[in-house]
file my_file_10.csv (CSV, C-alpha atoms)
chain,number,residue,atom,x,y,z
V,181,MET,CA,-33.6,-77.7,-66.8
V,182,ALA,CA,-37.1,-78.5,-65.7
V,183,GLN,CA,-39.7,-75.9,-66.4
V,184,ARG,CA,-40.9,-74.1,-63.3
V,185,HIS,CA,-44.5,-73.1,-62.8
V,186,PRO,CA,-46.3,-70.8,-60.3
V,187,ASP,CA,-47.0,-72.0,-56.8
V,188,PRO,CA,-50.5,-73.6,-56.6
V,189,THR,CA,-51.4,-71.4,-53.7
V,190,ASP,CA,-50.4,-68.2,-55.5
V,191,THR,CA,-53.6,-66.7,-56.7
V,192,THR,CA,-51.9,-63.8,-58.5
V,193,ALA,CA,-49.9,-66.1,-60.8
V,194,GLY,CA,-51.1,-67.2,-64.1
V,195,PRO,CA,-52.8,-70.6,-64.7
V,196,VAL,CA,-50.7,-73.8,-65.2
V,197,PRO,CA,-52.0,-75.5,-68.4
V,198,ALA,CA,-52.6,-79.3,-68.8
V,199,ASP,CA,-49.5,-79.4,-71.0
V,200,ALA,CA,-47.4,-79.3,-67.9
V,201,LEU,CA,-49.2,-82.5,-66.7
V,202,ALA,CA,-48.7,-84.2,-70.1
V,203,GLY,CA,-45.0,-83.3,-70.1
V,204,TYR,CA,-44.5,-84.7,-66.5
V,205,LEU,CA,-46.3,-88.0,-67.3
V,206,ARG,CA,-44.3,-88.4,-70.5
V,207,ALA,CA,-41.0,-87.9,-68.5
V,208,GLN,CA,-42.0,-90.4,-65.8
V,209,ALA,CA,-43.1,-92.9,-68.4
V,210,THR,CA,-39.7,-92.5,-70.1
V,211,GLU,CA,-37.9,-93.1,-66.8
V,212,PHE,CA,-40.1,-96.2,-66.3
V,213,LEU,CA,-39.1,-97.6,-69.6
V,214,ARG,CA,-35.4,-96.8,-69.1
V,215,ALA,CA,-35.4,-98.6,-65.7
V,216,LEU,CA,-37.2,-101.5,-67.3
V,217,ARG,CA,-34.5,-101.8,-70.0
V,218,LEU,CA,-31.8,-101.5,-67.3
V,219,HIS,CA,-33.4,-104.2,-65.3
V,220,GLY,CA,-33.4,-106.6,-68.2
V,221,GLU,CA,-29.8,-105.9,-69.2
V,222,SER,CA,-27.9,-105.5,-65.9
V,223,GLY,CA,-26.5,-107.6,-63.1
V,224,THR,CA,-27.6,-107.9,-59.5
V,225,VAL,CA,-26.6,-104.5,-58.1
V,226,GLU,CA,-27.9,-102.6,-61.2
V,227,SER,CA,-31.1,-104.7,-61.0
V,228,VAL,CA,-31.7,-103.4,-57.5
V,229,ASP,CA,-31.3,-99.8,-58.7
V,230,ALA,CA,-33.5,-100.5,-61.7
V,231,ALA,CA,-36.2,-101.9,-59.5
V,232,ARG,CA,-36.1,-98.8,-57.3
V,233,ALA,CA,-36.3,-96.6,-60.3
V,234,LEU,CA,-39.3,-98.6,-61.6
V,235,ARG,CA,-41.1,-98.1,-58.2
V,236,ARG,CA,-40.3,-94.4,-58.2
V,237,SER,CA,-41.6,-93.7,-61.6
V,238,ALA,CA,-44.7,-96.0,-61.1
V,239,ARG,CA,-45.5,-94.1,-57.8
V,240,ARG,CA,-45.3,-90.7,-59.5
V,241,ILE,CA,-47.4,-91.7,-62.5
V,242,SER,CA,-50.0,-93.3,-60.2
V,243,GLY,CA,-50.1,-90.4,-57.9
V,244,SER,CA,-50.4,-87.9,-60.7
V,245,LEU,CA,-53.3,-89.9,-62.2
V,246,HIS,CA,-55.0,-89.7,-58.8
V,247,THR,CA,-54.6,-86.0,-58.3
V,248,PHE,CA,-55.3,-84.8,-61.8
V,249,GLN,CA,-57.8,-87.6,-62.9
V,250,PRO,CA,-60.6,-85.1,-63.9
V,251,LEU,CA,-58.3,-83.9,-66.7
V,252,LEU,CA,-57.6,-87.4,-68.1
V,253,GLU,CA,-59.6,-90.0,-69.9
V,254,GLU,CA,-61.5,-91.5,-67.0
V,255,SER,CA,-61.5,-95.2,-68.0
V,256,TRP,CA,-57.9,-95.1,-68.9
V,257,ALA,CA,-56.8,-93.5,-65.7
V,258,GLU,CA,-59.0,-95.8,-63.5
V,259,ASP,CA,-57.5,-98.9,-65.2
V,260,LEU,CA,-53.9,-97.9,-65.1
V,261,ARG,CA,-53.6,-96.4,-61.6
V,262,PRO,CA,-54.3,-99.5,-59.6
V,263,GLU,CA,-52.1,-101.6,-61.8
V,264,LEU,CA,-49.2,-99.2,-61.2
V,265,ALA,CA,-49.9,-99.4,-57.4
V,266,TRP,CA,-49.8,-103.2,-57.6
V,267,LEU,CA,-46.5,-103.1,-59.4
V,268,SER,CA,-44.9,-100.7,-57.0
V,269,GLY,CA,-46.1,-102.6,-54.0
V,270,THR,CA,-44.9,-105.9,-55.3
V,271,LEU,CA,-41.5,-104.6,-56.1
V,272,ALA,CA,-41.1,-102.9,-52.8
V,273,ARG,CA,-41.7,-105.9,-50.5
V,274,GLU,CA,-38.3,-107.6,-50.9
V,275,HIS,CA,-36.5,-104.4,-50.1
V,276,ALA,CA,-38.8,-103.7,-47.2
V,277,HIS,CA,-38.2,-107.1,-45.6
V,278,GLN,CA,-34.4,-106.7,-45.9
V,279,ALA,CA,-34.5,-103.2,-44.5
V,280,ARG,CA,-36.7,-104.3,-41.6
V,281,LEU,CA,-34.3,-107.1,-40.8
V,282,ASP,CA,-31.3,-104.8,-40.9
V,283,ARG,CA,-33.1,-102.3,-38.7
V,284,LEU,CA,-34.0,-104.9,-36.1
V,285,LEU,CA,-30.6,-106.5,-36.0
V,286,LEU,CA,-28.9,-103.1,-35.6
V,287,ALA,CA,-31.3,-102.3,-32.8
V,288,LEU,CA,-30.4,-105.5,-31.0
V,289,HIS,CA,-26.8,-104.6,-31.4
V,290,ARG,CA,-27.4,-101.1,-29.9
V,291,LEU,CA,-29.7,-102.3,-27.1
V,292,SER,CA,-27.2,-105.0,-26.1
V,293,GLY,CA,-24.4,-102.3,-25.7
V,294,THR,CA,-22.0,-104.4,-27.9
V,295,THR,CA,-18.9,-102.9,-29.3
V,296,THR,CA,-18.8,-105.4,-32.2
V,297,PRO,CA,-21.6,-106.4,-34.6
V,298,PRO,CA,-23.7,-109.2,-33.2
V,299,THR,CA,-23.6,-112.7,-34.6
V,300,VAL,CA,-26.3,-115.2,-35.2
V,301,PRO,CA,-25.7,-118.9,-34.2
V,302,THR,CA,-25.7,-121.3,-37.1
V,303,GLN,CA,-24.6,-124.9,-37.7
V,304,SER,CA,-21.5,-123.7,-39.6
V,305,PRO,CA,-19.9,-120.3,-40.3
V,306,ILE,CA,-21.6,-118.9,-43.4
V,307,PRO,CA,-20.2,-115.6,-44.6
V,308,ALA,CA,-22.8,-112.8,-45.2
V,309,ARG,CA,-23.6,-112.7,-48.8
V,310,ASP,CA,-25.8,-109.7,-49.0
V,311,GLY,CA,-23.8,-107.1,-47.0
V,312,THR,CA,-26.4,-106.5,-44.3
V,313,ALA,CA,-25.9,-103.5,-42.2
V,314,ALA,CA,-25.5,-105.5,-39.0
V,315,GLY,CA,-22.8,-107.7,-40.4
V,316,LEU,CA,-24.5,-110.9,-39.1
V,317,VAL,CA,-23.5,-114.4,-40.0
V,318,ARG,CA,-26.5,-115.6,-42.0
V,319,THR,CA,-28.5,-118.7,-40.9
V,320,GLY,CA,-29.8,-121.5,-43.0
V,321,ALA,CA,-32.6,-119.3,-44.2
V,322,ASP,CA,-30.4,-117.8,-46.8
V,323,ARG,CA,-30.1,-121.2,-48.3
V,324,GLY,CA,-33.9,-121.6,-48.4
V,325,ASP,CA,-33.9,-123.6,-45.1
V,326,PRO,CA,-36.3,-121.9,-42.6
V,327,GLY,CA,-34.7,-123.5,-39.6
V,328,PRO,CA,-31.9,-125.6,-38.2
V,329,THR,CA,-31.1,-128.9,-39.7
V,330,ARG,CA,-32.4,-132.1,-38.3
V,331,GLY,CA,-29.0,-133.0,-36.9
V,332,SER,CA,-29.4,-130.3,-34.3
V,333,ALA,CA,-32.4,-131.9,-32.6
V,334,ASN,CA,-30.3,-133.7,-29.9
V,335,ALA,CA,-28.8,-130.4,-28.9
V,336,ASP,CA,-32.2,-128.9,-28.2
V,337,HIS,CA,-32.8,-131.0,-25.1
V,338,GLY,CA,-36.2,-132.2,-26.4
V,339,ARG,CA,-37.6,-128.8,-27.4
V,340,SER,CA,-39.2,-128.8,-30.8
V,341,GLY,CA,-40.0,-125.1,-31.1
V,342,PRO,CA,-39.6,-123.4,-34.5
V,343,ASP,CA,-36.5,-121.5,-33.5
V,344,ARG,CA,-34.9,-124.4,-31.5
V,345,ASP,CA,-34.6,-121.8,-28.8
V,346,ASN,CA,-33.0,-123.9,-26.1
V,347,SER,CA,-30.1,-125.1,-28.1
V,348,GLY,CA,-26.8,-123.8,-26.8
V,349,PRO,CA,-24.8,-121.2,-28.8
V,350,ARG,CA,-22.4,-122.9,-31.1
V,351,GLN,CA,-20.3,-120.0,-32.3
V,352,GLY,CA,-20.3,-116.2,-32.2
V,353,ASN,CA,-19.3,-113.5,-29.8
V,354,LEU,CA,-21.3,-114.5,-26.8
V,355,GLY,CA,-18.8,-113.5,-24.1
V,356,ALA,CA,-19.6,-115.4,-20.9
V,357,ALA,CA,-22.6,-117.2,-22.2
V,358,HIS,CA,-20.9,-120.6,-21.6
V,359,GLY,CA,-20.1,-119.7,-18.0
V,360,ASN,CA,-22.0,-118.7,-14.9
V,361,SER,CA,-20.9,-115.0,-14.9
V,362,ALA,CA,-22.7,-112.2,-16.6
V,363,PRO,CA,-21.7,-111.4,-20.2
V,364,ALA,CA,-19.0,-108.7,-20.5
V,365,ARG,CA,-19.6,-105.4,-22.3
V,366,GLY,CA,-19.1,-106.1,-26.0
V,367,SER,CA,-20.8,-109.4,-25.8
V,368,LEU,CA,-24.4,-110.4,-26.6
V,369,ALA,CA,-26.7,-112.1,-24.2
V,370,VAL,CA,-28.0,-115.4,-25.4
V,371,GLY,CA,-31.6,-114.1,-25.6
V,372,ALA,CA,-30.5,-111.3,-28.0
V,373,VAL,CA,-28.5,-113.7,-30.1
V,374,LYS,CA,-31.4,-116.1,-30.4
V,375,ALA,CA,-33.9,-113.3,-31.0
V,376,GLY,CA,-31.6,-112.2,-33.9
V,377,ALA,CA,-31.5,-115.7,-35.3
V,378,LEU,CA,-35.3,-116.0,-35.1
V,379,LEU,CA,-35.8,-112.7,-36.8
V,380,ASP,CA,-33.2,-113.5,-39.5
V,381,ARG,CA,-35.0,-116.8,-40.3
V,382,GLN,CA,-38.4,-115.3,-40.5
V,383,LEU,CA,-37.6,-112.1,-42.4
V,384,THR,CA,-35.1,-113.8,-44.8
V,385,LEU,CA,-37.8,-116.4,-45.6
V,386,ALA,CA,-40.3,-113.5,-46.2
V,387,ARG,CA,-37.7,-111.7,-48.3
V,388,THR,CA,-37.1,-114.8,-50.4
V,389,ARG,CA,-40.8,-115.3,-51.0
V,390,ALA,CA,-41.2,-111.6,-52.0
V,391,HIS,CA,-38.3,-111.9,-54.4
V,392,SER,CA,-39.9,-114.9,-56.1
V,393,THR,CA,-43.2,-113.0,-56.2
V,394,ALA,CA,-41.5,-110.0,-57.8
V,395,LEU,CA,-39.8,-112.2,-60.4
V,396,GLN,CA,-43.2,-113.8,-61.2
V,397,ALA,CA,-44.8,-110.4,-61.5
V,398,LEU,CA,-42.2,-109.1,-63.9
V,399,GLY,CA,-42.7,-112.1,-66.1
V,400,SER,CA,-46.5,-112.0,-66.0
V,401,SER,CA,-48.9,-110.9,-68.7
V,402,ARG,CA,-50.3,-108.4,-66.2
V,403,PHE,CA,-47.0,-106.6,-66.0
V,404,HIS,CA,-46.5,-106.7,-69.8
V,405,ALA,CA,-49.9,-105.0,-70.1
V,406,VAL,CA,-48.9,-102.3,-67.7
V,407,ALA,CA,-45.6,-101.8,-69.5
V,408,ASP,CA,-47.4,-101.5,-72.9
V,409,LYS,CA,-49.7,-98.8,-71.4
V,410,VAL,CA,-46.7,-96.9,-70.0
V,411,ALA,CA,-45.0,-97.2,-73.3
V,412,VAL,CA,-47.9,-95.5,-75.0
V,413,LEU,CA,-48.0,-92.9,-72.3
V,414,ALA,CA,-44.4,-91.9,-73.1
V,415,SER,CA,-45.5,-90.6,-76.4
V,416,ASP,CA,-49.2,-89.9,-76.1
V,417,VAL,CA,-51.0,-88.7,-72.9
V,418,PRO,CA,-54.7,-89.3,-73.1
V,419,LEU,CA,-56.1,-86.0,-71.9
V,420,GLY,CA,-59.8,-85.7,-71.5
V,421,PRO,CA,-62.1,-82.9,-72.8
V,422,ALA,CA,-61.8,-81.0,-69.5
V,423,ALA,CA,-58.1,-80.5,-70.1
V,424,ALA,CA,-58.7,-77.8,-72.8
V,425,GLY,CA,-58.0,-74.5,-71.1
V,426,ALA,CA,-57.8,-76.1,-67.6
V,427,ASP,CA,-55.7,-74.8,-64.8
V,428,LEU,CA,-53.8,-77.4,-62.7
V,429,ARG,CA,-53.5,-75.2,-59.6
V,430,PRO,CA,-57.0,-75.9,-58.2
V,431,LEU,CA,-56.4,-79.7,-58.3
V,432,ALA,CA,-53.0,-79.4,-56.8
V,433,ALA,CA,-54.4,-77.1,-54.1
V,434,ALA,CA,-57.1,-79.7,-53.3
V,435,ALA,CA,-54.4,-82.3,-52.8
V,436,GLU,CA,-52.7,-80.0,-50.3
V,437,GLU,CA,-56.0,-79.3,-48.5
V,438,ARG,CA,-56.6,-83.1,-48.1
V,439,LEU,CA,-53.1,-83.3,-46.5
V,440,THR,CA,-53.7,-80.3,-44.3
V,441,ALA,CA,-57.0,-81.8,-43.0
V,442,ALA,CA,-55.4,-85.2,-42.3
V,443,VAL,CA,-52.6,-83.5,-40.4
V,444,ALA,CA,-55.1,-81.5,-38.4
V,445,ALA,CA,-56.7,-84.7,-37.3
V,446,LEU,CA,-53.4,-86.0,-35.9
V,447,PRO,CA,-52.7,-85.7,-32.2
V,448,LEU,CA,-49.8,-83.3,-32.7
V,449,VAL,CA,-50.0,-82.1,-29.1
V,450,THR,CA,-49.6,-85.7,-27.9
V,451,ALA,CA,-46.7,-86.2,-30.4
V,452,GLY,CA,-45.0,-83.1,-29.0
V,453,SER,CA,-45.0,-84.5,-25.4
V,454,PRO,CA,-42.0,-86.5,-24.1
V,455,TYR,CA,-44.2,-89.5,-23.1
V,456,ASN,CA,-47.2,-90.8,-24.9
V,457,ALA,CA,-49.0,-93.1,-22.5
V,458,GLU,CA,-51.7,-93.8,-25.0
V,459,ALA,CA,-49.1,-95.5,-27.2
V,460,LEU,CA,-48.9,-98.3,-24.6
V,461,VAL,CA,-52.6,-99.2,-25.0
V,462,HIS,CA,-53.1,-102.6,-26.5
V,463,GLY,CA,-49.3,-103.1,-26.3
V,464,LEU,CA,-49.8,-106.6,-24.9
V,465,SER,CA,-52.8,-107.6,-26.9
V,466,PRO,CA,-52.6,-110.9,-28.7
V,467,ASP,CA,-54.3,-109.3,-31.7
V,468,PRO,CA,-51.7,-109.2,-34.6
V,469,ALA,CA,-53.6,-106.2,-36.2
V,470,PRO,CA,-51.5,-103.0,-36.7
V,471,HIS,CA,-51.2,-100.6,-33.8
V,472,PRO,CA,-54.5,-98.5,-33.6
V,473,GLN,CA,-52.6,-95.2,-33.6
V,474,ASP,CA,-50.5,-95.9,-36.7
V,475,ALA,CA,-53.2,-95.8,-39.5
V,476,PRO,CA,-53.8,-92.0,-39.5
V,477,TRP,CA,-50.0,-91.4,-39.7
V,478,HIS,CA,-49.6,-93.8,-42.6
V,479,GLN,CA,-52.5,-92.0,-44.4
V,480,VAL,CA,-50.8,-88.6,-43.9
V,481,ARG,CA,-47.6,-90.1,-45.3
V,482,LEU,CA,-49.5,-91.1,-48.5
V,483,LEU,CA,-51.2,-87.8,-48.8
V,484,LEU,CA,-47.9,-86.0,-48.3
V,485,ARG,CA,-46.5,-88.0,-51.2
V,486,LEU,CA,-49.4,-87.0,-53.4
V,487,HIS,CA,-48.9,-83.4,-52.5
V,488,ARG,CA,-45.2,-83.6,-53.3
V,489,TYR,CA,-45.9,-85.2,-56.7
V,490,ALA,CA,-48.5,-82.5,-57.5
V,491,ARG,CA,-45.9,-79.8,-56.7
V,492,GLU,CA,-43.4,-81.6,-59.0
V,493,VAL,CA,-45.9,-81.4,-61.8
V,494,LEU,CA,-46.3,-77.6,-61.3
V,495,HIS,CA,-42.7,-76.7,-60.3
V,496,GLY,CA,-40.6,-79.5,-61.8
V,497,PRO,CA,-38.7,-82.1,-59.7
V,498,PRO,CA,-36.9,-82.4,-57.4
V,499,ALA,CA,-36.6,-78.9,-55.8
V,500,ALA,CA,-40.4,-78.5,-55.7
V,501,ALA,CA,-40.7,-80.5,-52.5
V,502,GLY,CA,-38.7,-78.0,-50.4
V,503,VAL,CA,-36.5,-78.7,-47.4
V,504,ARG,CA,-39.3,-78.8,-44.9
V,505,LEU,CA,-41.6,-81.0,-46.9
V,506,LEU,CA,-38.6,-83.4,-47.4
V,507,ALA,CA,-37.9,-83.4,-43.7
V,508,ALA,CA,-41.6,-84.1,-42.9
V,509,GLY,CA,-41.6,-86.9,-45.4
V,510,GLN,CA,-38.4,-88.5,-44.0
V,511,ALA,CA,-39.9,-88.4,-40.5
V,512,LEU,CA,-43.0,-90.2,-41.8
V,513,ASP,CA,-40.9,-92.7,-43.6
V,514,ARG,CA,-39.0,-93.4,-40.3
V,515,HIS,CA,-42.4,-93.7,-38.6
V,516,ARG,CA,-43.6,-96.3,-41.1
V,517,ASP,CA,-40.3,-98.3,-40.8
V,518,ALA,CA,-40.3,-98.3,-37.0
V,519,ALA,CA,-44.0,-99.3,-36.8
V,520,GLU,CA,-43.5,-102.2,-39.2
V,521,ALA,CA,-40.3,-103.3,-37.4
V,522,ALA,CA,-42.1,-103.3,-34.1
V,523,ALA,CA,-44.9,-105.4,-35.6
V,524,ALA,CA,-42.2,-107.9,-36.9
V,525,ALA,CA,-40.7,-108.1,-33.4
V,526,ALA,CA,-44.1,-108.7,-31.9
V,527,SER,CA,-44.9,-111.4,-34.5
V,528,ALA,CA,-41.6,-113.1,-33.7
V,529,ALA,CA,-42.4,-113.0,-30.0
V,530,ARG,CA,-45.6,-115.0,-30.7
V,531,THR,CA,-43.6,-117.9,-32.0
V,532,PRO,CA,-44.6,-121.0,-30.0
V,533,ARG,CA,-42.3,-122.5,-27.4
V,534,ILE,CA,-39.5,-119.9,-27.5
V,535,ALA,CA,-37.3,-119.5,-24.4
V,536,PRO,CA,-38.1,-116.7,-21.9
V,537,ALA,CA,-34.8,-115.0,-22.6
V,538,THR,CA,-35.6,-114.8,-26.3
V,539,ALA,CA,-39.2,-113.5,-25.7
V,540,TYR,CA,-37.8,-110.9,-23.3
V,541,ALA,CA,-35.3,-109.7,-25.9
V,542,LEU,CA,-38.0,-109.4,-28.5
V,543,GLY,CA,-40.2,-107.5,-26.1
V,544,VAL,CA,-37.4,-105.0,-25.4
V,545,LEU,CA,-36.9,-104.7,-29.2
V,546,HIS,CA,-40.6,-104.1,-29.7
V,547,ALA,CA,-40.6,-101.4,-27.1
V,548,ASP,CA,-37.5,-99.8,-28.6
V,549,GLN,CA,-39.2,-99.6,-32.0
V,550,ARG,CA,-42.4,-98.1,-30.6
V,551,HIS,CA,-40.2,-95.5,-29.0
V,552,GLU,CA,-38.7,-94.8,-32.4
V,553,VAL,CA,-42.3,-94.4,-33.7
V,554,GLU,CA,-42.9,-91.7,-31.1
V,555,ALA,CA,-39.6,-90.0,-31.9
V,556,ALA,CA,-40.6,-89.9,-35.6
V,557,ARG,CA,-43.9,-88.4,-34.7
V,558,TYR,CA,-42.2,-85.7,-32.7
V,559,ALA,CA,-39.8,-84.9,-35.5
V,560,PHE,CA,-42.8,-84.7,-37.9
V,561,GLN,CA,-44.7,-82.3,-35.8
V,562,LEU,CA,-41.6,-80.1,-35.4
V,563,SER,CA,-41.1,-80.0,-39.1
V,564,TRP,CA,-44.7,-79.4,-39.9
V,565,ARG,CA,-45.1,-76.5,-37.5
V,566,LYS,CA,-42.0,-74.9,-38.9
V,567,GLN,CA,-43.5,-75.3,-42.3
V,568,ALA,CA,-46.7,-73.6,-41.1
V,569,VAL,CA,-44.8,-70.7,-39.5
V,570,GLY,CA,-42.8,-70.3,-42.7
V,571,ALA,CA,-46.0,-70.2,-44.8
V,572,ASN,CA,-47.6,-67.6,-42.6
call {"tool": "encode", "arguments": {"input": "my_file_10.csv", "output": "structure tokens"}}
result
Amino acid sequence: MAQRHPDPTDTTAGPVPADALAGYLRAQATEFLRALRLHGESGTVESVDAARALRRSARRISGSLHTFQPLLEESWAEDLRPELAWLSGTLAREHAHQARLDRLLLALHRLSGTTTPPTVPTQSPIPARDGTAAGLVRTGADRGDPGPTRGSANADHGRSGPDRDNSGPRQGNLGAAHGNSAPARGSLAVGAVKAGALLDRQLTLARTRAHSTALQALGSSRFHAVADKVAVLASDVPLGPAAAGADLRPLAAAAEERLTAAVAALPLVTAGSPYNAEALVHGLSPDPAPHPQDAPWHQVRLLLRLHRYAREVLHGPPAAAGVRLLAAGQALDRHRDAAEAAAAAASAARTPRIAPATAYALGVLHADQRHEVEAARYAFQLSWRKQAVGAN
């Protein structure tokens, strides 16, 4: 059982020594090495779990180095922390692209009011190989082909757009798409089908590239240098001179104060309203930059994570986070996912020469994900205010 330490905000409790930080870092380094060994010995499914465990331990080590850096050897912590952040970010991209694709395809399915999972038109039926949540028939992008084959050019009626958007549907549950009547309930409109196909091609290609990048990273000398440092950390934590007799609680409390200040700067009153008109500002801008309202929320998500890790150091994982902190973190995770999915839909809508029906479907999808962003903000402010009331 993990050792429990006093709450960082409890001034009547005794100090938490630096040994608690050393024990936490050693435990996370051991988890990192165990996941690395599992990744090298296992098959596909286990490799996914191992990569997730690598990211989890790398984030916790990096976050702890950030919060408690004054108690560690300065040069060592400054060298290792960005390398762990690089590794965690590199390994996360493939999963992020797949999760974003699944989210968008499921949203298309929901927005279309279909009773069966949507299908994506392709040259020939190709069974889904990766078990995506939407159950879509995969396009040629899964075979490394970013678009239709050359043989489909005649069916495109002269259009040479990247998604061959004017080509007629060749298969799939399209209802009355071949006739003049409106599609029946349980069928997908042509625009939604082609929007799904375009998203599938773009995000699957991005996922494939991220997978290649992750494999290259795991085989690089840079990664081996990181693994060597983590291996040393599993047995010897380089504490600095300031660690002798130090109390971890002030540094943990400082991490909480940074989070509280960042949350105080958020428009929680706006997030608590049923309609956020300001969220529509710049909605039609051609600028592909992230939505201007998103950055402060993403920063709060990172600070909340650092606060959770600091509590784990003092209290022992995983119960230290508490129900309300977990709920707030999950709301911010949903916020990040919806914001990035909306950006992916907007990026797909900027594809040149797509048909109006496809562009319309992507616009509805973008608006739906921005609505999910607002819902996540509302859920966070409810959770955070409950937490504040409980603390008082």
call {"tool": "residues_around", "arguments": {"input": "my_file_10.csv", "residues": "Arg516 of chain V", "least_positions_apart": "5", "cutoff": "9 Å", "atoms": "all atoms listed in the file", "output": "PyMOL selection string"}}
result
chain V and resi 474+477-478+481+511+521+553+556
call {"tool": "closest_residue", "arguments": {"input": "my_file_10.csv", "among": "V:Leu251, V:Leu281, V:Ala526, V:Ala209", "to": "Leu413 of chain V", "atoms": "only C-alpha atoms"}}
result
V:Ala209
call {"tool": "residues_around", "arguments": {"input": "my_file_10.csv", "residues": "His404 of chain V", "least_positions_apart": "6", "cutoff": "12 Å", "atoms": "only C-alpha atoms", "output": "list in words"}}
result
Leu213, Leu216, Glu263, Leu264, Leu267, Gln396, Ala397, Leu398, Val410 and Ala411 of chain V
call {"tool": "write_last_selection", "arguments": {"input": "my_file_10.csv", "atoms": "C-alpha atoms", "output": "PDB file, keeping the file's coordinate frame"}}
result
ATOM      1  CA  LEU V 213     -39.100 -97.600 -69.600  1.00  0.00           C
ATOM      2  CA  LEU V 216     -37.200-101.500 -67.300  1.00  0.00           C
ATOM      3  CA  GLU V 263     -52.100-101.600 -61.800  1.00  0.00           C
ATOM      4  CA  LEU V 264     -49.200 -99.200 -61.200  1.00  0.00           C
ATOM      5  CA  LEU V 267     -46.500-103.100 -59.400  1.00  0.00           C
ATOM      6  CA  GLN V 396     -43.200-113.800 -61.200  1.00  0.00           C
ATOM      7  CA  ALA V 397     -44.800-110.400 -61.500  1.00  0.00           C
ATOM      8  CA  LEU V 398     -42.200-109.100 -63.900  1.00  0.00           C
ATOM      9  CA  VAL V 410     -46.700 -96.900 -70.000  1.00  0.00           C
ATOM     10  CA  ALA V 411     -45.000 -97.200 -73.300  1.00  0.00           C
TER      11      ALA V 411
END
call {"tool": "atom_distance", "arguments": {"input": "my_file_10.csv", "atom1": "atom CA of Pro262 of chain V", "atom2": "atom CA of Ala233 of chain V"}}
result
18.2 Å
call {"tool": "atom_distance", "arguments": {"input": "my_file_10.csv", "atom1": "atom CA of Pro536 of chain V", "atom2": "atom CA of Arg280 of chain V"}}
result
23.3 Å
call {"tool": "atom_distance", "arguments": {"input": "my_file_10.csv", "atom1": "atom CA of Arg550 of chain V", "atom2": "atom CA of Pro472 of chain V"}}
result
12.5 Å
call {"tool": "closest_residue", "arguments": {"input": "my_file_10.csv", "among": "V:His495, V:Arg235, V:Arg485, V:His546", "to": "Gly269 of chain V", "atoms": "all atoms listed in the file"}}
result
V:Arg235
call {"tool": "closest_residue", "arguments": {"input": "my_file_10.csv", "among": "V:Gly293, V:Val443, V:Glu253, V:Leu545", "to": "Ala369 of chain V", "atoms": "only C-alpha atoms"}}
result
V:Gly293
call {"tool": "residues_around", "arguments": {"input": "my_file_10.csv", "residues": "Thr388 of chain V", "least_positions_apart": "3", "cutoff": "8 Å", "atoms": "only C-alpha atoms", "output": "mmCIF file with C-alpha atoms, in the frame of the given file"}}
result
data_model
loop_
_atom_site.group_PDB
_atom_site.id
_atom_site.type_symbol
_atom_site.label_atom_id
_atom_site.label_comp_id
_atom_site.auth_asym_id
_atom_site.auth_seq_id
_atom_site.Cartn_x
_atom_site.Cartn_y
_atom_site.Cartn_z
ATOM 1 C CA GLU V 274 -38.300 -107.600 -50.900
ATOM 2 C CA GLY V 324 -33.900 -121.600 -48.400
ATOM 3 C CA THR V 384 -35.100 -113.800 -44.800
ATOM 4 C CA LEU V 385 -37.800 -116.400 -45.600
ATOM 5 C CA HIS V 391 -38.300 -111.900 -54.400
ATOM 6 C CA SER V 392 -39.900 -114.900 -56.100
#
call {"tool": "residues_around", "arguments": {"input": "my_file_10.csv", "residues": "Glu436 of chain V", "least_positions_apart": "3", "cutoff": "9 Å", "atoms": "only C-alpha atoms", "output": "count of residues only"}}
result
12
call {"tool": "closest_residue", "arguments": {"input": "my_file_10.csv", "among": "V:Thr538, V:Gln278, V:Glu520, V:Arg565", "to": "Leu505 of chain V", "atoms": "only C-alpha atoms"}}
result
V:Arg565
call {"tool": "closest_residue", "arguments": {"input": "my_file_10.csv", "among": "V:Gly371, V:Pro430, V:Pro470, V:Pro532", "to": "Pro195 of chain V", "atoms": "all atoms listed in the file"}}
result
V:Pro430
call {"tool": "residues_around", "arguments": {"input": "my_file_10.csv", "residues": "segment 557-559 of chain V", "least_positions_apart": "2", "cutoff": "12 Å", "atoms": "all atoms listed in the file", "output": "ChimeraX atom specification"}}
result
/V:443,446-456,459,473-474,476-478,480-481,504,507-516,518-519,550-555,561-566
call {"tool": "closest_residue", "arguments": {"input": "my_file_10.csv", "among": "V:Arg290, V:Arg273, V:Arg533, V:Arg387", "to": "Asp548 of chain V", "atoms": "only C-alpha atoms"}}
result
V:Arg290
call {"tool": "axis_aligned_box", "arguments": {"input": "my_file_10.csv", "around": "segment 485-494 of chain V", "padding_each_side": "8 Å", "output": "lines of an AutoDock Vina configuration file"}}
result
center_x = -46.4
center_y = -82.8
center_z = -56.5
size_x = 22.0
size_y = 26.4
size_z = 26.6
call {"tool": "decode", "arguments": {"input": "my_file_10.csv", "residues": "segment 203-215 of chain V", "atoms": "C-alpha atoms", "output": "CSV table (one decimal), in the first residue's frame"}}
result
chain,number,residue,atom,x,y,z
V,203,GLY,CA,10.4,7.2,-3.6
V,204,TYR,CA,7.8,8.5,-6.1
V,205,LEU,CA,10.3,9.1,-8.8
V,206,ARG,CA,11.9,5.7,-8.3
V,207,ALA,CA,8.5,4.0,-8.6
V,208,GLN,CA,7.6,5.9,-11.8
V,209,ALA,CA,11.0,5.1,-13.3
V,210,THR,CA,10.4,1.4,-12.5
V,211,GLU,CA,7.0,1.6,-14.3
V,212,PHE,CA,8.7,3.3,-17.3
V,213,LEU,CA,11.3,0.5,-17.6
V,214,ARG,CA,8.6,-2.2,-17.1
V,215,ALA,CA,6.5,-0.6,-19.9
